[in-house]
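Peer 1: Data file my_file_17.pdb (PDB, C-alpha atoms) is appended below.
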```
ATOM      1  CA  MET A 273      85.630   2.521 163.525
ATOM      2  CA  ASP A 274      86.643  -0.772 161.955
ATOM      3  CA  SER A 275      84.725  -4.004 161.304
ATOM      4  CA  THR A 276      85.517  -5.364 164.794
ATOM      5  CA  ASP A 277      84.043  -2.247 166.415
ATOM      6  CA  ALA A 278      80.965  -2.559 164.168
ATOM      7  CA  HIS A 279      80.578  -6.223 165.162
ATOM      8  CA  LEU A 280      80.950  -5.254 168.834
ATOM      9  CA  LEU A 281      78.203  -2.663 168.429
ATOM     10  CA  ARG A 282      75.897  -5.208 166.758
ATOM     11  CA  LEU A 283      76.413  -7.611 169.670
ATOM     12  CA  LEU A 284      75.693  -4.891 172.221
ATOM     13  CA  VAL A 285      72.560  -3.751 170.372
ATOM     14  CA  GLU A 286      71.270  -7.321 170.607
ATOM     15  CA  ASP A 287      72.121  -7.603 174.325
ATOM     16  CA  SER A 288      73.984  -4.833 176.127
ATOM     17  CA  ARG A 289      74.268  -6.965 179.286
ATOM     18  CA  ARG A 290      76.614  -9.497 177.709
ATOM     19  CA  THR A 291      79.791 -10.081 179.641
ATOM     20  CA  ASN A 292      83.115  -8.861 178.342
ATOM     21  CA  ALA A 293      84.263 -12.501 178.191
ATOM     22  CA  SER A 294      81.361 -13.537 175.912
ATOM     23  CA  LEU A 295      81.858 -10.476 173.696
ATOM     24  CA  ALA A 296      85.576 -11.171 173.348
ATOM     25  CA  ALA A 297      84.955 -14.843 172.553
ATOM     26  CA  GLU A 298      82.397 -13.980 169.876
ATOM     27  CA  LEU A 299      84.747 -11.388 168.360
ATOM     28  CA  GLY A 300      87.770 -13.673 168.558
ATOM     29  CA  ILE A 301      89.873 -11.141 170.489
ATOM     30  CA  ALA A 302      91.430 -10.980 173.940
ATOM     31  CA  GLN A 303      89.211  -9.805 176.795
ATOM     32  CA  SER A 304      91.568  -6.893 177.484
ATOM     33  CA  THR A 305      91.351  -5.819 173.823
ATOM     34  CA  CYS A 306      87.567  -6.083 173.902
ATOM     35  CA  LEU A 307      87.362  -3.956 177.050
ATOM     36  CA  ALA A 308      89.730  -1.377 175.559
ATOM     37  CA  ARG A 309      87.602  -1.182 172.392
ATOM     38  CA  LEU A 310      84.395  -0.841 174.436
ATOM     39  CA  ASN A 311      85.919   1.942 176.551
ATOM     40  CA  ALA A 312      87.182   3.714 173.422
ATOM     41  CA  LEU A 313      83.692   3.578 171.881
ATOM     42  CA  LYS A 314      82.275   5.113 175.059
ATOM     43  CA  GLN A 315      84.985   7.802 175.285
ATOM     44  CA  ARG A 316      84.486   8.772 171.627
ATOM     45  CA  GLY A 317      80.760   9.207 172.267
ATOM     46  CA  ILE A 318      79.776   6.414 169.877
ATOM     47  CA  ILE A 319      78.180   4.520 172.776
ATOM     48  CA  ARG A 320      76.226   7.133 174.707
ATOM     49  CA  ARG A 321      74.591   4.910 177.305
ATOM     50  CA  PHE A 322      73.241   1.482 178.099
ATOM     51  CA  THR A 323      69.466   1.393 178.532
ATOM     52  CA  VAL A 324      66.506  -0.905 179.030
ATOM     53  CA  ASP A 325      64.100  -1.708 176.187
ATOM     54  CA  VAL A 326      60.686  -1.909 177.855
ATOM     55  CA  GLU A 327      57.776  -3.718 176.188
ATOM     56  CA  PRO A 328      54.954  -1.124 176.466
ATOM     57  CA  ALA A 329      52.170  -3.708 176.086
ATOM     58  CA  SER A 330      53.382  -5.548 179.208
ATOM     59  CA  LEU A 331      52.718  -2.345 181.168
ATOM     60  CA  GLY A 332      49.258  -1.794 179.711
ATOM     61  CA  SER A 333      50.244   0.457 176.799
ATOM     62  CA  ALA A 334      49.306  -1.837 173.929
ATOM     63  CA  LEU A 335      48.716   0.876 171.321
ATOM     64  CA  GLN A 336      51.582   2.809 169.787
ATOM     65  CA  ALA A 337      51.070   5.765 167.498
ATOM     66  CA  LEU A 338      53.073   8.374 165.648
ATOM     67  CA  ILE A 339      51.539  11.812 165.912
ATOM     68  CA  PHE A 340      52.774  14.336 163.372
ATOM     69  CA  VAL A 341      52.523  17.904 164.652
ATOM     70  CA  ARG A 342      52.680  21.169 162.761
ATOM     71  CA  ILE A 343      53.386  24.369 164.699
ATOM     72  CA  ARG A 344      51.531  27.479 163.526
ATOM     73  CA  PRO A 345      53.749  30.029 161.733
ATOM     74  CA  GLY A 346      53.317  32.736 164.380
ATOM     75  CA  ALA A 347      54.380  30.376 167.143
ATOM     76  CA  ARG A 348      57.814  29.326 165.896
ATOM     77  CA  HIS A 349      59.377  30.884 168.998
ATOM     78  CA  LEU A 350      57.525  28.262 171.084
ATOM     79  CA  MET A 351      59.041  25.245 169.315
ATOM     80  CA  ALA A 352      61.755  24.510 171.876
ATOM     81  CA  ASP A 353      59.304  24.774 174.767
ATOM     82  CA  PHE A 354      56.825  22.575 172.914
ATOM     83  CA  GLY A 355      59.436  19.866 172.352
ATOM     84  CA  HIS A 356      60.542  19.892 175.981
ATOM     85  CA  SER A 357      56.969  19.839 177.292
ATOM     86  CA  MET A 358      56.102  16.872 175.065
ATOM     87  CA  ARG A 359      59.006  14.885 176.552
ATOM     88  CA  GLN A 360      57.261  15.209 179.916
ATOM     89  CA  ALA A 361      53.761  14.311 178.674
ATOM     90  CA  PRO A 362      52.416  10.929 179.811
ATOM     91  CA  GLY A 363      52.793   8.159 177.256
ATOM     92  CA  VAL A 364      55.427   9.891 175.127
ATOM     93  CA  ALA A 365      58.238   7.500 174.233
ATOM     94  CA  GLN A 366      60.139   9.742 171.806
ATOM     95  CA  VAL A 367      60.001  13.257 170.376
ATOM     96  CA  PHE A 368      61.494  14.044 166.980
ATOM     97  CA  PHE A 369      62.070  17.631 165.763
ATOM     98  CA  LEU A 370      61.785  17.601 161.980
ATOM     99  CA  GLY A 371      62.472  19.523 158.836
ATOM    100  CA  GLY A 372      59.741  19.197 156.215
ATOM    101  CA  ASP A 373      55.957  19.494 156.221
ATOM    102  CA  GLU A 374      55.598  18.663 159.913
ATOM    103  CA  ASP A 375      57.635  20.108 162.754
ATOM    104  CA  PHE A 376      57.496  17.215 165.226
ATOM    105  CA  VAL A 377      56.701  13.527 165.410
ATOM    106  CA  LEU A 378      55.649  12.164 168.766
ATOM    107  CA  HIS A 379      55.947   8.427 169.355
ATOM    108  CA  VAL A 380      53.393   7.571 172.017
ATOM    109  CA  SER A 381      52.575   4.312 173.803
ATOM    110  CA  LEU A 382      49.074   4.364 175.219
ATOM    111  CA  ARG A 383      46.413   1.948 176.386
ATOM    112  CA  ASP A 384      43.898   2.268 173.533
ATOM    113  CA  ALA A 385      42.368   4.544 170.880
ATOM    114  CA  GLN A 386      40.506   6.541 173.543
ATOM    115  CA  ASP A 387      43.831   7.334 175.261
ATOM    116  CA  VAL A 388      45.270   8.480 171.922
ATOM    117  CA  ARG A 389      42.248  10.721 171.383
ATOM    118  CA  ASP A 390      42.537  12.110 174.921
ATOM    119  CA  PHE A 391      46.261  12.754 174.419
ATOM    120  CA  VAL A 392      45.648  14.676 171.190
ATOM    121  CA  VAL A 393      42.801  16.717 172.691
ATOM    122  CA  GLU A 394      44.501  17.494 176.034
ATOM    123  CA  HIS A 395      48.123  17.990 174.951
ATOM    124  CA  LEU A 396      47.992  19.020 171.307
ATOM    125  CA  SER A 397      44.656  20.490 170.207
ATOM    126  CA  ALA A 398      44.584  22.699 173.298
ATOM    127  CA  HIS A 399      48.201  23.824 172.838
ATOM    128  CA  PRO A 400      48.455  27.421 171.540
ATOM    129  CA  ALA A 401      51.387  26.623 169.254
ATOM    130  CA  VAL A 402      49.813  23.659 167.460
ATOM    131  CA  THR A 403      47.988  24.228 164.196
ATOM    132  CA  ASN A 404      47.571  20.668 162.919
ATOM    133  CA  THR A 405      48.076  17.027 163.913
ATOM    134  CA  ARG A 406      47.965  13.772 161.982
ATOM    135  CA  THR A 407      48.014  10.403 163.735
ATOM    136  CA  SER A 408      49.195   7.048 162.405
ATOM    137  CA  LEU A 409      48.953   3.793 164.340
ATOM    138  CA  VAL A 410      52.039   1.604 164.616
ATOM    139  CA  PHE A 411      51.288  -2.013 163.690
ATOM    140  CA  GLU A 412      54.871  -3.209 164.016
ATOM    141  CA  HIS A 413      58.161  -1.592 165.013
ATOM    142  CA  LEU A 414      61.276  -3.072 163.429
ATOM    143  CA  ARG A 415      64.714  -1.777 164.327
ATOM    144  CA  GLY A 416      67.552  -1.524 161.855
ATOM    145  CA  SER A 417      70.404  -3.940 162.484
ATOM    146  CA  GLU A 418      73.110  -1.325 161.861
ATOM    147  CA  PRO A 419      71.645   2.180 162.099
ATOM    148  CA  TRP A 420      75.164   3.636 162.195
ATOM    149  CA  ALA A 421      76.180   2.161 158.806
ATOM    150  CA  ARG A 422      76.528   4.647 155.963
ATOM    151  CA  PRO A 423      74.712   3.996 152.684
ATOM    152  CA  GLY A 424      77.221   2.879 150.081
ATOM    153  CA  ALA A 425      79.795   1.794 152.699
ATOM    154  CA  VAL A 426      79.701  -1.817 151.462
ATOM    155  CA  ARG A 427      80.353  -0.679 147.871
ATOM    156  CA  ALA A 428      83.199   1.571 149.027
ATOM    157  CA  ALA A 429      84.798  -1.248 151.035
ATOM    158  CA  ALA A 430      84.565  -3.560 148.022
ATOM    159  CA  ARG A 431      86.288  -0.948 145.807
ATOM    160  CA  GLU A 432      89.104  -0.547 148.345
ATOM    161  CA  ALA A 433      89.639  -4.291 148.878
ATOM    162  CA  PRO A 434      92.752  -5.687 147.188
ATOM    163  CA  ARG A 435      92.004  -7.597 144.014
ATOM    164  CA  ALA A 436      93.474 -11.030 143.393
TER     165      ALA A 436
END
```
What would the structure in this file look like if it were written as structure tokens?
Peer 2:
Amino acid sequence: MDSTDAHLLRLLVEDSRRTNASLAAELGIAQSTCLARLNALKQRGIIRRFTVDVEPASLGSALQALIFVRIRPGARHLMADFGHSMRQAPGVAQVFFLGGDEDFVLHVSLRDAQDVRDFVVEHLSAHPAVTNTRTSLVFEHLRGSEPWARPGAVRAAAREAPRA
């Protein structure tokens, strides 16, 4: 992936509905080249899909929380089922399977603190595999501008650049 592909990805992250013509103009390349690059990114699996970013508060889910879940040691065989069942639970935006102190993080979007409490009681505290939960409220969610960039890539590019 070169700098043009990275720029194309940044533009699509900002607005994935942009036309090929506007993308090509912004990149300073031919429309056919832009389309070929976009198709190559899709074929290589770099672009997995185009989705919609829904504002939860506009649908009545004004409170977001991260719920850290620890599975009890004797229930490790239930981890896959737990993860899949949490994907289906109401209000769950994302499920992360972790290495470290906790086993999962659930990102939930719910109406209010009572809904968070009800979610924890109904879906987690009552679950036979769960031994512990810890909940943190999300005050603000900021996305990285280039989540695909590797740490140190800028330094490496500077080292490889020809010197005058």
Peer 1: For this structure, which residues satisfy the selection - the PyMOL selection byres ((chain A and resi 380) around 8) - when it is evaluated on the file as given? I want them as a list in words.
Peer 2: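 Selection result, ordered by chain and number: Gln336, Ala337, Leu338, Ile339, Gly363, Val364, Ala365, Gln366, Leu378, His379, Ser381 and Leu382 of chain A.
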Peer 1: Quick check, in Å to one decimal: how far apart do CA of Pro345 (chain A) and CA of Pro362 (chain A) lie?
Peer 2: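 Between CA of Pro345 (chain A) and CA of Pro362 (chain A) the gap is 26.3 Å.
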Peer 1: Within 12 Å of region 394-399 of chain A, which residues of region 282-353 of chain A show up? Give each one with its shortest atom-to-atom distance in Å (one decimal) and the two atoms involved, counting all atoms listed in the file, rows by chain then rising residue number, as a Markdown table.
Peer 2:
```
| residue | atom | partner | partner_atom | distance |
| --- | --- | --- | --- | --- |
| A:Ile339 | CA | A:Leu396 | CA | 9.7 |
| A:Phe340 | CA | A:Leu396 | CA | 10.4 |
| A:Val341 | CA | A:Leu396 | CA | 8.1 |
| A:Arg342 | CA | A:Leu396 | CA | 10.0 |
| A:Ile343 | CA | A:His399 | CA | 9.7 |
| A:Arg344 | CA | A:His399 | CA | 10.5 |
| A:Ala347 | CA | A:His399 | CA | 10.7 |
| A:Leu350 | CA | A:His399 | CA | 10.5 |
| A:Met351 | CA | A:His399 | CA | 11.5 |
| A:Asp353 | CA | A:His399 | CA | 11.3 |
```
Peer 1: Could you check the closest approach to Ala401 (chain A) for each of A:Ala334, A:Val285, A:Ala352, A:Leu307 and tell me which residue wins, using all atoms listed in the file?
Peer 2: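 Checking each candidate against Ala401 (chain A), we get A:Ala352 as the closest.
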Peer 1: Quote the spacing between CA of Asn292 (chain A) and CA of Ser304 (chain A) in Å to one decimal place.
Peer 2: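 These atoms are spaced 8.7 Å apart.
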Peer 1: Run the PyMOL selection byres ((chain A and resi 321) around 12) on the file and write out the hits as a list in words.
Peer 2: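 Selected by the PyMOL selection byres ((chain A and resi 321) around 12) in this file: Leu284, Val285, Ser288, Leu310, Asn311, Leu313, Lys314, Gln315, Gly317, Ile318, Ile319, Arg320, Phe322, Thr323 and Val324 of chain A.
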Peer 1: Keeping C-alpha atoms, export the residues of the selection given above as a PDB file, keeping the file's coordinate frame.
Peer 2:
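Output contents, as saved in again_33.pdb:
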```
ATOM      1  CA  LEU A 284      75.693  -4.891 172.221  1.00  0.00           C
ATOM      2  CA  VAL A 285      72.560  -3.751 170.372  1.00  0.00           C
ATOM      3  CA  SER A 288      73.984  -4.833 176.127  1.00  0.00           C
ATOM      4  CA  LEU A 310      84.395  -0.841 174.436  1.00  0.00           C
ATOM      5  CA  ASN A 311      85.919   1.942 176.551  1.00  0.00           C
ATOM      6  CA  LEU A 313      83.692   3.578 171.881  1.00  0.00           C
ATOM      7  CA  LYS A 314      82.275   5.113 175.059  1.00  0.00           C
ATOM      8  CA  GLN A 315      84.985   7.802 175.285  1.00  0.00           C
ATOM      9  CA  GLY A 317      80.760   9.207 172.267  1.00  0.00           C
ATOM     10  CA  ILE A 318      79.776   6.414 169.877  1.00  0.00           C
ATOM     11  CA  ILE A 319      78.180   4.520 172.776  1.00  0.00           C
ATOM     12  CA  ARG A 320      76.226   7.133 174.707  1.00  0.00           C
ATOM     13  CA  PHE A 322      73.241   1.482 178.099  1.00  0.00           C
ATOM     14  CA  THR A 323      69.466   1.393 178.532  1.00  0.00           C
ATOM     15  CA  VAL A 324      66.506  -0.905 179.030  1.00  0.00           C
TER      16      VAL A 324
END
```
Peer 1: Give me, please, the distance in Å between CA of Ser294 (chain A) and CA of Cys306 (chain A), quoted to one decimal.
Peer 2: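 Computed distance, CA of Ser294 (chain A) to CA of Cys306 (chain A), equals 9.9 Å.
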Peer 1: Exactly which residues make up the result of the PyMOL selection byres ((chain A and resi 305) around 12) on this file, given as a list in words?
Peer 2: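 On the file shown, the PyMOL selection byres ((chain A and resi 305) around 12) covers Thr276, Asp277, Leu280, Asn292, Ala293, Leu295, Ala296, Ala297, Leu299, Gly300, Ile301, Ala302, Gln303, Ser304, Cys306, Leu307, Ala308, Arg309, Leu310, Asn311 and Ala312 of chain A.
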Peer 1: Edge lengths and centre, in Å to one decimal, as lines of an AutoDock Vina configuration file: that's what I need for the box along x, y and z that holds all listed atoms of region 386-390 of chain A plus 8 Å on each side.
Peer 2:
```
center_x = 42.9
center_y = 9.3
center_z = 173.3
size_x = 20.8
size_y = 21.6
size_z = 19.9
```
Peer 1: Find, counting all atoms listed in the file, the residue in A:Leu331, A:Leu414, A:Leu281, A:Met358 that gets nearest to Val377 (chain A).
Peer 2: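 The answer is A:Met358, which sits nearest to Val377 (chain A).
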Peer 1: Nearest residue to Arg415 (chain A) out of A:Arg316, A:Arg359, A:Arg383, A:Arg282, using all atoms listed in the file?
Peer 2: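 Looking at the shortest contact to Arg415 (chain A), the residue is A:Arg282.
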Peer 1: As number ranges by chain, please: the residues near Ala278 (chain A) (cut-off 10 Å, all atoms listed in the file, same-chain neighbours under 5 positions excluded).
Peer 2: A: 273, 283-284, 418, 420-421
